[in-house]
Amino acid sequence: MSEFSIVTSFFMIFTGAAVLASVALYARQPLLLAYIAVGAIIGPYGLNYISDPKIINDIAEIGIIFLLFLLGLDMQPKSLFSMLKKATLVALLSSLAFAAIGFSIALSFGFNEIDSLLIGCAMMFSSTIIGIKLLPTTVLHHRHTGELVVGLLLLQDLIAIIVLLLLGGQETSSGEFSFMSISMSLLMLPALLAFCFLSVRFVIIPLFAKFDRFHEYMFLLAIGWCLGIAELAEFVGLSLEIGAFAAGISIATSPISQYIAVNLKPLRDFFLVLFFFSLGAYFNIGLLPDIIVPAIVLTVLMIGLKPLIFQFLLRRIGEDKQGAWEVGFRLGQISEFSLMIAFLAVTAGFLSEKASILIQATAILSFVLNSYLVIFRYPSPIAVNDRLRRD
(Lines give C-alpha, C1' and ligand atoms only; values in the text may rest on other atoms or scores of the structure.)
Protein backbone atom coordinates (compact mmCIF):
# COMPACT_ATOMS: atom_id res chain seq x y z
CA MET A 1 0.00 0.00 0.00
CA SER A 2 2.91 2.32 -0.62
CA GLU A 3 0.98 4.64 -2.98
CA PHE A 4 -2.29 4.90 -1.07
CA SER A 5 -3.33 5.64 2.50
CA ILE A 6 -5.06 2.97 4.56
CA VAL A 7 -8.36 4.85 4.14
CA THR A 8 -8.02 4.91 0.35
CA SER A 9 -7.05 1.26 0.31
CA PHE A 10 -10.09 0.29 2.39
CA PHE A 11 -12.24 2.45 0.12
CA MET A 12 -11.03 0.49 -2.92
CA ILE A 13 -11.49 -2.88 -1.17
CA PHE A 14 -14.98 -2.34 0.20
CA THR A 15 -16.41 -0.22 -2.60
CA GLY A 16 -15.08 -2.69 -5.15
CA ALA A 17 -16.48 -5.56 -3.10
CA ALA A 18 -19.88 -3.86 -2.88
CA VAL A 19 -20.04 -3.37 -6.66
CA LEU A 20 -18.99 -6.93 -7.49
CA ALA A 21 -21.17 -8.36 -4.70
CA SER A 22 -24.19 -6.74 -6.38
CA VAL A 23 -23.21 -8.48 -9.63
CA ALA A 24 -22.73 -11.77 -7.76
CA LEU A 25 -26.18 -11.57 -6.19
CA TYR A 26 -27.81 -10.89 -9.57
CA ALA A 27 -25.93 -13.93 -10.88
CA ARG A 28 -27.02 -16.02 -7.84
CA GLN A 29 -23.41 -16.52 -6.76
CA PRO A 30 -21.81 -16.62 -3.28
CA LEU A 31 -20.54 -13.21 -2.18
CA LEU A 32 -17.10 -14.56 -1.34
CA LEU A 33 -16.43 -14.87 -5.08
CA ALA A 34 -16.84 -11.09 -5.33
CA TYR A 35 -14.34 -10.55 -2.52
CA ILE A 36 -11.77 -12.82 -4.20
CA ALA A 37 -12.31 -11.05 -7.52
CA VAL A 38 -11.65 -7.63 -5.95
CA GLY A 39 -8.32 -8.90 -4.61
CA ALA A 40 -7.35 -10.31 -7.99
CA ILE A 41 -8.24 -7.04 -9.76
CA ILE A 42 -6.58 -4.47 -7.47
CA GLY A 43 -3.88 -6.67 -5.91
CA PRO A 44 -0.23 -7.18 -6.92
CA TYR A 45 -1.06 -9.45 -9.89
CA GLY A 46 -3.84 -7.22 -11.18
CA LEU A 47 -3.82 -3.41 -11.27
CA ASN A 48 -1.28 -3.36 -8.42
CA TYR A 49 -3.11 -0.65 -6.48
CA ILE A 50 -2.55 -2.58 -3.24
CA SER A 51 0.77 -4.33 -3.33
CA ASP A 52 2.35 -4.43 0.15
CA PRO A 53 2.67 -8.18 0.94
CA LYS A 54 3.03 -7.57 4.68
CA ILE A 55 -0.26 -5.67 4.86
CA ILE A 56 -2.00 -8.35 2.79
CA ASN A 57 -0.56 -11.10 5.04
CA ASP A 58 -1.71 -9.28 8.18
CA ILE A 59 -5.19 -8.79 6.75
CA ALA A 60 -5.47 -12.51 5.97
CA GLU A 61 -4.13 -13.51 9.41
CA ILE A 62 -6.65 -11.37 11.30
CA GLY A 63 -9.45 -12.64 9.08
CA ILE A 64 -8.59 -16.27 9.82
CA ILE A 65 -8.31 -15.56 13.56
CA PHE A 66 -11.84 -14.15 13.83
CA LEU A 67 -13.33 -16.77 11.51
CA LEU A 68 -11.96 -19.59 13.67
CA PHE A 69 -12.93 -17.86 16.92
CA LEU A 70 -16.55 -17.62 15.79
CA LEU A 71 -16.45 -21.17 14.44
CA GLY A 72 -15.38 -22.34 17.89
CA LEU A 73 -18.23 -20.37 19.48
CA ASP A 74 -20.76 -22.30 17.36
CA MET A 75 -19.43 -25.75 18.30
CA GLN A 76 -21.79 -26.92 21.03
CA PRO A 77 -20.30 -30.07 22.62
CA LYS A 78 -23.70 -31.81 23.04
CA SER A 79 -24.64 -31.42 19.38
CA LEU A 80 -21.11 -32.34 18.38
CA PHE A 81 -21.08 -35.62 20.32
CA SER A 82 -24.55 -36.55 19.10
CA MET A 83 -23.54 -36.13 15.46
CA LEU A 84 -20.16 -37.78 16.03
CA LYS A 85 -21.93 -41.06 16.82
CA LYS A 86 -23.71 -41.13 13.48
CA ALA A 87 -21.61 -39.30 10.91
CA THR A 88 -17.98 -39.71 11.99
CA LEU A 89 -17.34 -42.73 9.77
CA VAL A 90 -18.91 -40.98 6.78
CA ALA A 91 -16.82 -37.85 7.36
CA LEU A 92 -13.57 -39.79 7.77
CA LEU A 93 -14.04 -42.17 4.83
CA SER A 94 -15.23 -39.44 2.49
CA SER A 95 -12.32 -37.19 3.47
CA LEU A 96 -9.84 -39.98 2.80
CA ALA A 97 -11.45 -40.69 -0.59
CA PHE A 98 -11.35 -37.03 -1.65
CA ALA A 99 -7.75 -36.67 -0.44
CA ALA A 100 -6.71 -39.76 -2.42
CA ILE A 101 -8.37 -38.41 -5.58
CA GLY A 102 -6.72 -35.00 -5.20
CA PHE A 103 -3.33 -36.55 -4.44
CA SER A 104 -3.50 -38.86 -7.46
CA ILE A 105 -4.58 -36.13 -9.88
CA ALA A 106 -1.88 -33.73 -8.64
CA LEU A 107 0.81 -36.39 -9.01
CA SER A 108 -0.38 -37.23 -12.51
CA PHE A 109 0.05 -33.58 -13.51
CA GLY A 110 3.65 -33.49 -12.31
CA PHE A 111 3.38 -31.94 -8.84
CA ASN A 112 5.83 -33.23 -6.24
CA GLU A 113 4.66 -35.43 -3.36
CA ILE A 114 4.40 -32.65 -0.74
CA ASP A 115 2.42 -30.41 -3.09
CA SER A 116 0.23 -33.36 -4.07
CA LEU A 117 -0.38 -34.28 -0.43
CA LEU A 118 -1.47 -30.74 0.45
CA ILE A 119 -3.61 -30.50 -2.68
CA GLY A 120 -5.25 -33.76 -1.59
CA CYS A 121 -5.85 -32.33 1.90
CA ALA A 122 -7.48 -29.27 0.33
CA MET A 123 -9.93 -31.50 -1.57
CA MET A 124 -11.20 -33.17 1.64
CA PHE A 125 -13.51 -30.42 2.79
CA SER A 126 -16.79 -28.84 1.68
CA SER A 127 -17.60 -25.17 2.08
CA THR A 128 -19.24 -24.34 5.42
CA ILE A 129 -20.12 -20.87 4.16
CA ILE A 130 -21.77 -22.05 0.94
CA GLY A 131 -23.32 -25.12 2.56
CA ILE A 132 -24.99 -23.05 5.26
CA LYS A 133 -25.84 -20.07 3.04
CA LEU A 134 -27.71 -22.33 0.58
CA LEU A 135 -29.53 -24.21 3.35
CA PRO A 136 -33.05 -22.86 4.08
CA THR A 137 -33.12 -22.02 7.79
CA THR A 138 -36.90 -22.06 8.18
CA VAL A 139 -37.64 -25.27 6.27
CA LEU A 140 -34.75 -27.68 5.89
CA HIS A 141 -32.24 -26.60 8.50
CA HIS A 142 -34.25 -28.02 11.39
CA ARG A 143 -35.01 -31.27 9.64
CA HIS A 144 -32.93 -34.36 9.29
CA THR A 145 -31.26 -33.48 6.00
CA GLY A 146 -30.20 -30.12 7.37
CA GLU A 147 -28.83 -31.74 10.50
CA LEU A 148 -26.74 -34.12 8.39
CA VAL A 149 -25.34 -31.29 6.26
CA VAL A 150 -24.43 -29.22 9.31
CA GLY A 151 -23.06 -32.24 11.18
CA LEU A 152 -20.82 -33.37 8.33
CA LEU A 153 -19.59 -29.80 7.83
CA LEU A 154 -18.81 -29.62 11.54
CA LEU A 155 -16.83 -32.85 11.44
CA GLN A 156 -14.95 -31.69 8.35
CA ASP A 157 -14.16 -28.44 10.15
CA LEU A 158 -12.63 -30.43 13.00
CA ILE A 159 -10.46 -32.37 10.53
CA ALA A 160 -9.47 -29.06 8.93
CA ILE A 161 -8.49 -27.68 12.34
CA ILE A 162 -6.13 -30.65 12.79
CA VAL A 163 -4.57 -29.95 9.37
CA LEU A 164 -4.16 -26.28 10.31
CA LEU A 165 -2.56 -27.37 13.58
CA LEU A 166 0.01 -29.43 11.69
CA LEU A 167 0.72 -26.49 9.38
CA GLY A 168 0.83 -23.81 12.04
CA GLY A 169 4.25 -23.25 13.53
CA GLN A 170 5.78 -26.40 11.99
CA GLU A 171 8.27 -24.74 9.66
CA THR A 172 11.91 -25.70 9.97
CA SER A 173 14.92 -24.02 8.42
CA SER A 174 14.66 -26.32 5.41
CA GLY A 175 10.89 -25.79 5.05
CA GLU A 176 10.13 -29.40 6.05
CA PHE A 177 7.92 -30.89 8.73
CA SER A 178 9.63 -31.46 12.06
CA PHE A 179 8.41 -34.52 13.94
CA MET A 180 9.61 -33.04 17.23
CA SER A 181 7.82 -29.74 16.74
CA ILE A 182 4.60 -31.51 15.73
CA SER A 183 4.84 -33.73 18.83
CA MET A 184 5.37 -30.71 21.07
CA SER A 185 2.39 -28.96 19.51
CA LEU A 186 0.17 -31.98 20.07
CA LEU A 187 1.27 -32.01 23.71
CA MET A 188 0.74 -28.27 24.16
CA LEU A 189 -2.76 -28.31 22.67
CA PRO A 190 -4.45 -30.12 25.62
CA ALA A 191 -2.63 -27.80 28.03
CA LEU A 192 -3.87 -24.75 26.14
CA LEU A 193 -7.45 -26.09 26.08
CA ALA A 194 -7.33 -26.82 29.82
CA PHE A 195 -6.07 -23.30 30.52
CA CYS A 196 -8.84 -21.84 28.33
CA PHE A 197 -11.67 -23.77 29.98
CA LEU A 198 -10.41 -22.99 33.49
CA SER A 199 -9.95 -19.31 32.66
CA VAL A 200 -13.42 -19.10 31.14
CA ARG A 201 -15.02 -20.75 34.17
CA PHE A 202 -13.24 -18.76 36.88
CA VAL A 203 -12.42 -15.45 35.17
CA ILE A 204 -14.24 -14.73 31.89
CA ILE A 205 -17.76 -15.87 32.83
CA PRO A 206 -17.70 -14.07 36.23
CA LEU A 207 -16.60 -10.89 34.47
CA PHE A 208 -19.38 -11.22 31.91
CA ALA A 209 -21.92 -11.86 34.67
CA LYS A 210 -20.80 -8.87 36.75
CA PHE A 211 -20.64 -6.31 33.95
CA ASP A 212 -23.27 -7.60 31.53
CA ARG A 213 -24.98 -4.18 31.51
CA PHE A 214 -22.02 -2.69 29.64
CA HIS A 215 -22.34 -4.10 26.15
CA GLU A 216 -19.22 -2.39 24.85
CA TYR A 217 -17.24 -4.02 27.68
CA MET A 218 -18.54 -7.48 26.73
CA PHE A 219 -17.60 -6.82 23.11
CA LEU A 220 -14.13 -5.67 24.18
CA LEU A 221 -13.61 -8.62 26.53
CA ALA A 222 -14.55 -11.12 23.81
CA ILE A 223 -12.09 -9.61 21.34
CA GLY A 224 -9.38 -9.37 24.00
CA TRP A 225 -9.92 -13.03 24.95
CA CYS A 226 -9.73 -14.15 21.31
CA LEU A 227 -6.56 -12.23 20.49
CA GLY A 228 -4.94 -12.95 23.87
CA ILE A 229 -5.31 -16.72 23.55
CA ALA A 230 -4.18 -16.51 19.91
CA GLU A 231 -0.95 -14.81 21.02
CA LEU A 232 -0.51 -17.32 23.87
CA ALA A 233 -0.89 -20.22 21.44
CA GLU A 234 1.78 -18.79 19.18
CA PHE A 235 4.06 -18.24 22.19
CA VAL A 236 3.85 -21.93 23.22
CA GLY A 237 4.58 -23.18 19.69
CA LEU A 238 1.09 -23.57 18.26
CA SER A 239 -0.45 -21.05 15.86
CA LEU A 240 -2.58 -17.94 16.11
CA GLU A 241 -5.40 -19.77 14.32
CA ILE A 242 -5.46 -22.70 16.75
CA GLY A 243 -5.43 -20.26 19.68
CA ALA A 244 -8.42 -18.39 18.28
CA PHE A 245 -10.33 -21.65 17.80
CA ALA A 246 -9.51 -22.75 21.38
CA ALA A 247 -10.67 -19.37 22.69
CA GLY A 248 -13.99 -19.79 20.89
CA ILE A 249 -14.72 -23.40 21.80
CA SER A 250 -13.91 -22.76 25.47
CA ILE A 251 -16.78 -20.25 25.62
CA ALA A 252 -19.18 -22.36 23.50
CA THR A 253 -20.61 -24.19 26.53
CA SER A 254 -21.51 -20.94 28.28
CA PRO A 255 -24.92 -19.24 27.83
CA ILE A 256 -23.09 -16.11 26.75
CA SER A 257 -21.63 -17.74 23.63
CA GLN A 258 -24.55 -16.98 21.31
CA TYR A 259 -24.70 -13.39 22.51
CA ILE A 260 -21.02 -12.99 21.69
CA ALA A 261 -21.44 -14.72 18.32
CA VAL A 262 -24.32 -12.43 17.33
CA ASN A 263 -22.53 -9.27 18.43
CA LEU A 264 -19.26 -10.24 16.76
CA LYS A 265 -20.95 -11.21 13.49
CA PRO A 266 -20.50 -7.73 11.90
CA LEU A 267 -16.81 -7.85 12.84
CA ARG A 268 -16.59 -11.37 11.40
CA ASP A 269 -18.20 -10.19 8.14
CA PHE A 270 -15.79 -7.24 7.97
CA PHE A 271 -12.74 -9.49 8.26
CA LEU A 272 -14.37 -12.09 6.01
CA VAL A 273 -14.23 -9.54 3.19
CA LEU A 274 -10.59 -8.76 4.00
CA PHE A 275 -9.59 -12.43 4.22
CA PHE A 276 -11.02 -13.38 0.84
CA PHE A 277 -9.68 -10.14 -0.65
CA SER A 278 -6.19 -11.20 0.48
CA LEU A 279 -6.64 -14.61 -1.15
CA GLY A 280 -7.61 -12.96 -4.42
CA ALA A 281 -4.68 -10.56 -4.13
CA TYR A 282 -2.31 -13.56 -4.03
CA PHE A 283 -3.97 -15.17 -7.05
CA ASN A 284 -1.19 -15.01 -9.64
CA ILE A 285 -3.13 -14.77 -12.88
CA GLY A 286 0.11 -15.30 -14.81
CA LEU A 287 0.23 -18.91 -13.57
CA LEU A 288 -3.33 -19.64 -14.65
CA PRO A 289 -2.39 -21.17 -18.03
CA ASP A 290 -0.12 -23.64 -16.19
CA ILE A 291 -2.85 -24.92 -13.87
CA ILE A 292 -6.11 -24.41 -15.74
CA VAL A 293 -6.29 -28.00 -17.05
CA PRO A 294 -5.65 -29.73 -13.66
CA ALA A 295 -8.01 -27.18 -12.03
CA ILE A 296 -10.81 -28.11 -14.43
CA VAL A 297 -10.12 -31.84 -13.97
CA LEU A 298 -10.15 -31.53 -10.16
CA THR A 299 -13.31 -29.39 -10.22
CA VAL A 300 -15.20 -31.82 -12.45
CA LEU A 301 -14.11 -34.81 -10.34
CA MET A 302 -15.00 -33.13 -7.04
CA ILE A 303 -18.41 -31.93 -8.22
CA GLY A 304 -19.13 -35.29 -9.85
CA LEU A 305 -17.73 -37.68 -7.23
CA LYS A 306 -18.55 -35.91 -3.97
CA PRO A 307 -22.32 -36.41 -4.31
CA LEU A 308 -21.74 -40.02 -5.42
CA ILE A 309 -19.40 -40.86 -2.52
CA PHE A 310 -21.54 -39.11 0.10
CA GLN A 311 -24.65 -40.84 -1.24
CA PHE A 312 -22.97 -44.26 -1.10
CA LEU A 313 -21.65 -43.77 2.46
CA LEU A 314 -24.86 -42.26 3.82
CA ARG A 315 -26.90 -45.15 2.40
CA ARG A 316 -24.61 -47.52 4.33
CA ILE A 317 -25.65 -45.89 7.64
CA GLY A 318 -29.35 -46.10 6.86
CA GLU A 319 -30.16 -42.80 5.14
CA ASP A 320 -32.79 -42.77 2.40
CA LYS A 321 -31.64 -42.40 -1.20
CA GLN A 322 -33.18 -38.99 -1.92
CA GLY A 323 -31.86 -37.40 1.27
CA ALA A 324 -28.40 -38.90 0.76
CA TRP A 325 -28.20 -37.45 -2.76
CA GLU A 326 -29.28 -34.02 -1.54
CA VAL A 327 -26.64 -33.99 1.20
CA GLY A 328 -24.04 -35.03 -1.36
CA PHE A 329 -24.94 -32.26 -3.79
CA ARG A 330 -25.01 -29.63 -1.05
CA LEU A 331 -21.49 -30.70 -0.04
CA GLY A 332 -20.23 -31.02 -3.61
CA GLN A 333 -17.69 -28.18 -3.62
CA ILE A 334 -14.38 -27.66 -1.85
CA SER A 335 -13.98 -25.36 1.12
CA GLU A 336 -12.82 -21.97 2.29
CA PHE A 337 -10.72 -24.07 4.68
CA SER A 338 -8.95 -25.32 1.55
CA LEU A 339 -8.02 -21.71 0.84
CA MET A 340 -6.80 -21.26 4.41
CA ILE A 341 -4.66 -24.39 4.10
CA ALA A 342 -3.19 -23.10 0.84
CA PHE A 343 -2.43 -19.71 2.39
CA LEU A 344 -0.82 -21.11 5.54
CA ALA A 345 1.12 -23.79 3.65
CA VAL A 346 2.61 -21.24 1.25
CA THR A 347 3.43 -18.90 4.15
CA ALA A 348 5.19 -21.75 6.00
CA GLY A 349 7.12 -22.75 2.89
CA PHE A 350 5.54 -26.18 2.40
CA LEU A 351 3.50 -25.48 -0.73
CA SER A 352 4.65 -24.09 -4.07
CA GLU A 353 2.93 -21.03 -5.50
CA LYS A 354 1.76 -23.05 -8.51
CA ALA A 355 0.06 -25.62 -6.25
CA SER A 356 -1.54 -22.82 -4.21
CA ILE A 357 -2.97 -21.24 -7.36
CA LEU A 358 -4.33 -24.67 -8.39
CA ILE A 359 -6.18 -24.99 -5.06
CA GLN A 360 -7.57 -21.46 -5.35
CA ALA A 361 -8.70 -21.94 -8.95
CA THR A 362 -10.36 -25.27 -8.10
CA ALA A 363 -12.12 -23.68 -5.14
CA ILE A 364 -13.48 -20.80 -7.21
CA LEU A 365 -14.65 -23.07 -10.04
CA SER A 366 -16.29 -25.51 -7.61
CA PHE A 367 -18.02 -22.66 -5.74
CA VAL A 368 -19.55 -21.33 -8.95
CA LEU A 369 -20.58 -24.62 -10.58
CA ASN A 370 -21.85 -26.32 -7.42
CA SER A 371 -23.86 -23.25 -6.39
CA TYR A 372 -25.67 -23.40 -9.71
CA LEU A 373 -26.36 -27.12 -9.28
CA VAL A 374 -27.86 -26.58 -5.83
CA ILE A 375 -29.99 -23.52 -6.57
CA PHE A 376 -31.50 -25.14 -9.68
CA ARG A 377 -32.09 -28.51 -7.99
CA TYR A 378 -32.88 -27.99 -4.28
CA PRO A 379 -34.59 -25.46 -2.01
CA SER A 380 -32.37 -22.49 -1.15
CA PRO A 381 -32.72 -18.81 -0.19
CA ILE A 382 -31.38 -17.67 -3.61
CA ALA A 383 -33.06 -20.23 -5.88
CA VAL A 384 -34.02 -18.89 -9.31
CA ASN A 385 -37.23 -20.93 -9.39
CA ASP A 386 -39.95 -19.54 -7.07
CA ARG A 387 -40.93 -23.11 -6.21
CA LEU A 388 -37.47 -23.81 -4.78
CA ARG A 389 -36.90 -20.45 -3.04
CA ARG A 390 -37.01 -20.96 0.74
CA ASP A 391 -35.65 -18.62 3.39
# chains A, B, ... in the order shown; residues from 1 in each chain; ligands from 1
>>> select_by_dssp(residues="region 75-292 of chain A", states="alpha helix (DSSP H)", output="PyMOL selection string")
chain A and resi 77-108+113-123+128-133+144-167+179-199+205-210+215-235+240-251+257-281+288-292
>>> closest_residue(among="A:Leu267, A:Ala281, A:Met302, A:Ala21", to="Ala99 (chain A)", atoms="only C-alpha atoms")
A:Met302
>>> residues_around(residues="Thr145 (chain A)", least_positions_apart="2", cutoff="12 Å", atoms="only C-alpha atoms", output="PyMOL selection string")
chain A and resi 135-137+139-143+147-152+314+319-331+378-379
